[in-house]
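Participant: Dropping the structure in here first, questions after.
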Amino acid sequence: EYMGHFLSVYFFSRRWGAAPRLPARMPRKFRSLQPVPVEAKFASNAIRTARYSLATFVFVNLWEQFHRLHNLYFLLVAVLQFLPVSSMTPTSWIPLVLVLAVNMVKEFVEDRQRARMDHETNHQTVRGLNELGELGPCAWKDVEVGSVLFLTADDPLPADIIVLATSDSEAGLAYVETANLDGETNLKAKESLEQVHRVLLSSGDLSEGKPTAIAMKTLTTMDVECEDPNANLNAFTGSATATTLTSVMGLHNKVVIYRGCTLRNTKWVLGLVVFTGMETKLMRNATEKRLKRTSLDKLSNRYVIGIFILLAGLCIISGIVSSIWIADHNAPPPWYVVELTRPVAALFLNMVTFIILLSVLVPISLTVTMEMVKVGHAFYINWDRHMAFENPHTGVVTPARARTSNLSEDLGRVEYIFSDKTGTLTQNVMEFMKF
């Protein structure tokens with residue numbers, strides 16, 4: 001049943017490249033610092049935002065390109081030129097192949113850049129504990145459900161974790177920035193599991209990420225049962241227990257820090273990984289990969305439809321007038337018109353001939369120019385110093401990066417702004433600008 005659902009969603013999904021939605025598996029059970037059982041089928045922590053794979057790139061890219069009506073139009077003209085009724089040398093396929101190839105190269109380069117960014121993200125390192133209590137570096141892609149991570153101030157979260165202990169010995173609080181999740185720049189307080197926090201800190205100093213034998217006994221015998229992965233950022237339910245604990249602890253949203261958050265104003269946090277990779281809240285809320293069209297593409301599609309209607313009208317009129325003129329003058333038809341004895345067949349083939357002759361009504365050079373302008377615009381975005389962001393905490397300057405050039409012409413077209421407070425837009429900083 002599960003495999004049947006997978007295949008049906010995979011083959012009939014209308015969102016190309018979208019990850020299939022699999023049936024929910026509830027509840028999730030695991031033990032900390034223990035190998036994940038094969039039957040659990042937890043997601044890998046490696047993420048993939050690239051749209052194409054090497055096996056499907058050509059086919060998927062051509063499918064997307066022929067969603068543009070002008071490409072379909074030029075394909076129709078190129079096919080008609082190969083028919084025997086055509087009086088023209090079949091040359092329309094040359095610029096069509098050129099346009100498709102240029103766009104394909106552009107998409108390939110941009111998708112390789114996305115794949116490179118995925119590789120950089122997946123190979124970032126975080127410090128984690130092993131079964132022996134030894135602290136060592138671990139790549140993000142190797143983080144598994146049940147891993148125990150040791151995070152320090154300003155560290156980004158590689159996965160969704162349950163807070164076990166923090167540097168706040170009294171309240172057990174940790175402060176995180178959730179701007180990547182909800183856009184809020186103010187810090188949010190997260191709580192640790194009170195019993196675990198008390199046991200771990202009472203057994204010794206954890207500031208260096210080296211737990212004692214008593215602490216390791218707690219960490220290696222902790223069993224967690226929680227909800228299935230979902231996209232709800234405001235709720236989390238589950239329970240946890242260990243042999244060194246006196247009672248079952250309830251899990252809620254306040255004790256979980258999600259991937260995409262950044263640890264702030266907290267020296268260190270010890271956390272237990274509960275969701276990884278595509279099952280994290282961040283990736284569950286990510287927009288599905290779908291075919292996006294800008295307002296310029298939609299406008300050009302409407303123009304192509306209008307021009308094709310005009311072209312069809314002209315070809316019908318030209319075919320009828322041509323047939324009448326030949327019949328009235330009792331003369332052989334011109335060299336570019338097919339001579340047939342059946343009037344209906346002659347009319348149809350004459351219309352096809354005029355479609356080929358008048359195909360230049362849609363300039364293929366316009367398509368090439370549009371693609372070149374989009375690529376140039378993307379380079380200007382990457383080079384613009386005023387679009388760079390300087391991190392106020394680390395001072396690192398990050399330039400703007402156009403991950404795709406297809407949507408650059410819609411950048412900055414804001415029609416409506418919805419805001420709950422002015423600080424969301426101004427960061428509570430008002431500066432007078434002279435123009």
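Each chain in the structure tokens gets a letter, A, B, ..., in the order shown, and its residues are numbered from 1; ligands are numbered from 1 in order too.
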Please identify which residues in range 168-212 of chain A DSSP calls helix (DSSP H, G or I) from the backbone, and express them as a list in words.
Facilitator: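 DSSP on the backbone gives helix (DSSP H, G or I) at Ala179, Asn180, Leu181, Asp182, Glu194, Gln195, Val196, His197, Arg198, Val199, Leu200, Leu201, Ser202 and Ser203 of chain A.
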Participant: Compile the contact shell of Glu120 in chain A as a list in words: residues with an atom at most 12 Å away, counting only C-alpha atoms, same-chain residues fewer than 6 positions apart removed.
Facilitator: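 Listed by chain and then number, they are Ala46, Ile47, Arg48, Gln113, Arg114, Ala139, Trp140 and Lys141 of chain A.
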Participant: Write a file of the selected residues as a PDB file, in the first residue's frame, keeping C-alpha atoms.
Facilitator:
ATOM      1  CA  ALA A  46      21.575  16.016   3.487  1.00  0.00           C
ATOM      2  CA  ILE A  47      19.322  18.465   1.653  1.00  0.00           C
ATOM      3  CA  ARG A  48      18.897  19.053  -2.067  1.00  0.00           C
ATOM      4  CA  GLN A 113      25.458  26.687  -8.575  1.00  0.00           C
ATOM      5  CA  ARG A 114      22.492  25.532  -6.493  1.00  0.00           C
ATOM      6  CA  ALA A 139      29.400  16.975   8.797  1.00  0.00           C
ATOM      7  CA  TRP A 140      25.805  18.174   8.662  1.00  0.00           C
ATOM      8  CA  LYS A 141      24.908  15.453   6.176  1.00  0.00           C
TER       9      LYS A 141
END
Participant: As number ranges by chain, please: every residue in range 88-188 of chain A that a backbone DSSP assignment puts in strand (DSSP E).
Facilitator: A: 125-129, 135-139, 148-152, 160-166, 173-177, 187-188
Participant: Which residues, written as a PyMOL selection string, have at least one atom at most 7 Å from range 264-274 of chain A, with only C-alpha atoms counted and residues fewer than 5 positions away on the same chain left out?
Facilitator: chain A and resi 144-154+159-167+174-177+207
Participant: Taking only residues of range 230-264 of chain A that have an atom at most 12 Å from an atom of range 281-287 of chain A, what is each one's shortest atom pair and its distance in Å to one decimal, using only C-alpha atoms, in chain and number order, as CSV?
Facilitator:
residue,atom,partner,partner_atom,distance
A:Asn230,CA,A:Arg284,CA,6.5
A:Ala231,CA,A:Arg284,CA,5.0
A:Asn232,CA,A:Lys281,CA,7.1
A:Leu233,CA,A:Lys281,CA,6.6
A:Asn234,CA,A:Lys281,CA,10.2
A:Ala235,CA,A:Lys281,CA,10.7
A:Phe236,CA,A:Lys281,CA,10.6
A:Asn253,CA,A:Lys281,CA,11.8
A:Val256,CA,A:Lys281,CA,10.8
A:Ile257,CA,A:Lys281,CA,9.9
A:Tyr258,CA,A:Lys281,CA,6.5
A:Arg259,CA,A:Leu282,CA,6.1
A:Gly260,CA,A:Leu282,CA,6.5
A:Cys261,CA,A:Leu282,CA,9.3
Participant: Range 39-137 of chain A near range 373-389 of chain A within 12 Å: what's each residue's closest atom pair and its distance in Å to one decimal, counting only C-alpha atoms, ordered by chain then ascending residue number, as JSON lines?
Facilitator:
{"residue": "A:Val102", "atom": "CA", "partner": "A:Val375", "partner_atom": "CA", "distance": 10.8}
{"residue": "A:Asn103", "atom": "CA", "partner": "A:Val375", "partner_atom": "CA", "distance": 10.0}
{"residue": "A:Val105", "atom": "CA", "partner": "A:Val375", "partner_atom": "CA", "distance": 11.4}
{"residue": "A:Lys106", "atom": "CA", "partner": "A:Val375", "partner_atom": "CA", "distance": 8.0}
{"residue": "A:Glu107", "atom": "CA", "partner": "A:Val375", "partner_atom": "CA", "distance": 10.4}
{"residue": "A:Val109", "atom": "CA", "partner": "A:Val375", "partner_atom": "CA", "distance": 11.2}
{"residue": "A:Glu110", "atom": "CA", "partner": "A:Val375", "partner_atom": "CA", "distance": 10.3}
Participant: Measuring between only C-alpha atoms, which one of A:Ile364, A:Thr241, A:Thr121, A:Val248 shows the shortest distance to Trp93 in chain A?
Facilitator: A:Ile364
Participant: Figure out the distance between CA of Glu227 in chain A and CA of Lys190 in chain A, please, to one decimal in Å.
Facilitator: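 Result for CA of Lys190 in chain A versus CA of Glu227 in chain A: 19.1 Å, one decimal.
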Participant: Just give me the gap between CA of Ser169 in chain A and CA of Thr262 in chain A in Å, one decimal is fine.
Facilitator: 20.4 Å
Participant: Extract, using only C-alpha atoms, all DNA, RNA and protein residues at most 12 Å from Arg28 in chain A, discarding same-chain residues fewer than 6 positions from it, and format them as a PDB file with C-alpha atoms, in the first residue's frame.
Facilitator:
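Result file part_37.pdb:
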ATOM      1  CA  VAL A  36      19.102   4.286  13.672  1.00  0.00           C
ATOM      2  CA  GLU A  39      13.193  -0.101   9.296  1.00  0.00           C
ATOM      3  CA  ALA A  40      12.798   3.387  10.804  1.00  0.00           C
ATOM      4  CA  LYS A  41      13.568   5.010   7.415  1.00  0.00           C
ATOM      5  CA  PHE A  42      14.385   8.423   8.876  1.00  0.00           C
ATOM      6  CA  VAL A 145      18.098  11.172  14.455  1.00  0.00           C
ATOM      7  CA  GLY A 146      19.283  10.444  17.998  1.00  0.00           C
ATOM      8  CA  ASP A 223      14.007   7.031  24.802  1.00  0.00           C
ATOM      9  CA  VAL A 224      11.946   9.555  22.843  1.00  0.00           C
ATOM     10  CA  GLU A 225       8.490   9.160  21.374  1.00  0.00           C
ATOM     11  CA  CYS A 226       7.119  12.121  19.428  1.00  0.00           C
ATOM     12  CA  GLU A 227       4.866  13.233  16.595  1.00  0.00           C
ATOM     13  CA  ASP A 228       5.495  12.548  12.928  1.00  0.00           C
ATOM     14  CA  PRO A 229       7.322  15.252  10.897  1.00  0.00           C
ATOM     15  CA  ASN A 230       4.998  18.108   9.921  1.00  0.00           C
ATOM     16  CA  THR A 237       4.138  16.899  21.161  1.00  0.00           C
ATOM     17  CA  GLY A 238       6.000  13.930  22.550  1.00  0.00           C
ATOM     18  CA  SER A 239       7.546  12.381  25.628  1.00  0.00           C
ATOM     19  CA  ALA A 240      10.986  11.306  26.815  1.00  0.00           C
ATOM     20  CA  VAL A 274      14.721  14.644  16.511  1.00  0.00           C
ATOM     21  CA  PHE A 275      14.144  15.587  12.824  1.00  0.00           C
ATOM     22  CA  GLU A 279      11.721  16.162   7.586  1.00  0.00           C
TER      23      GLU A 279
END
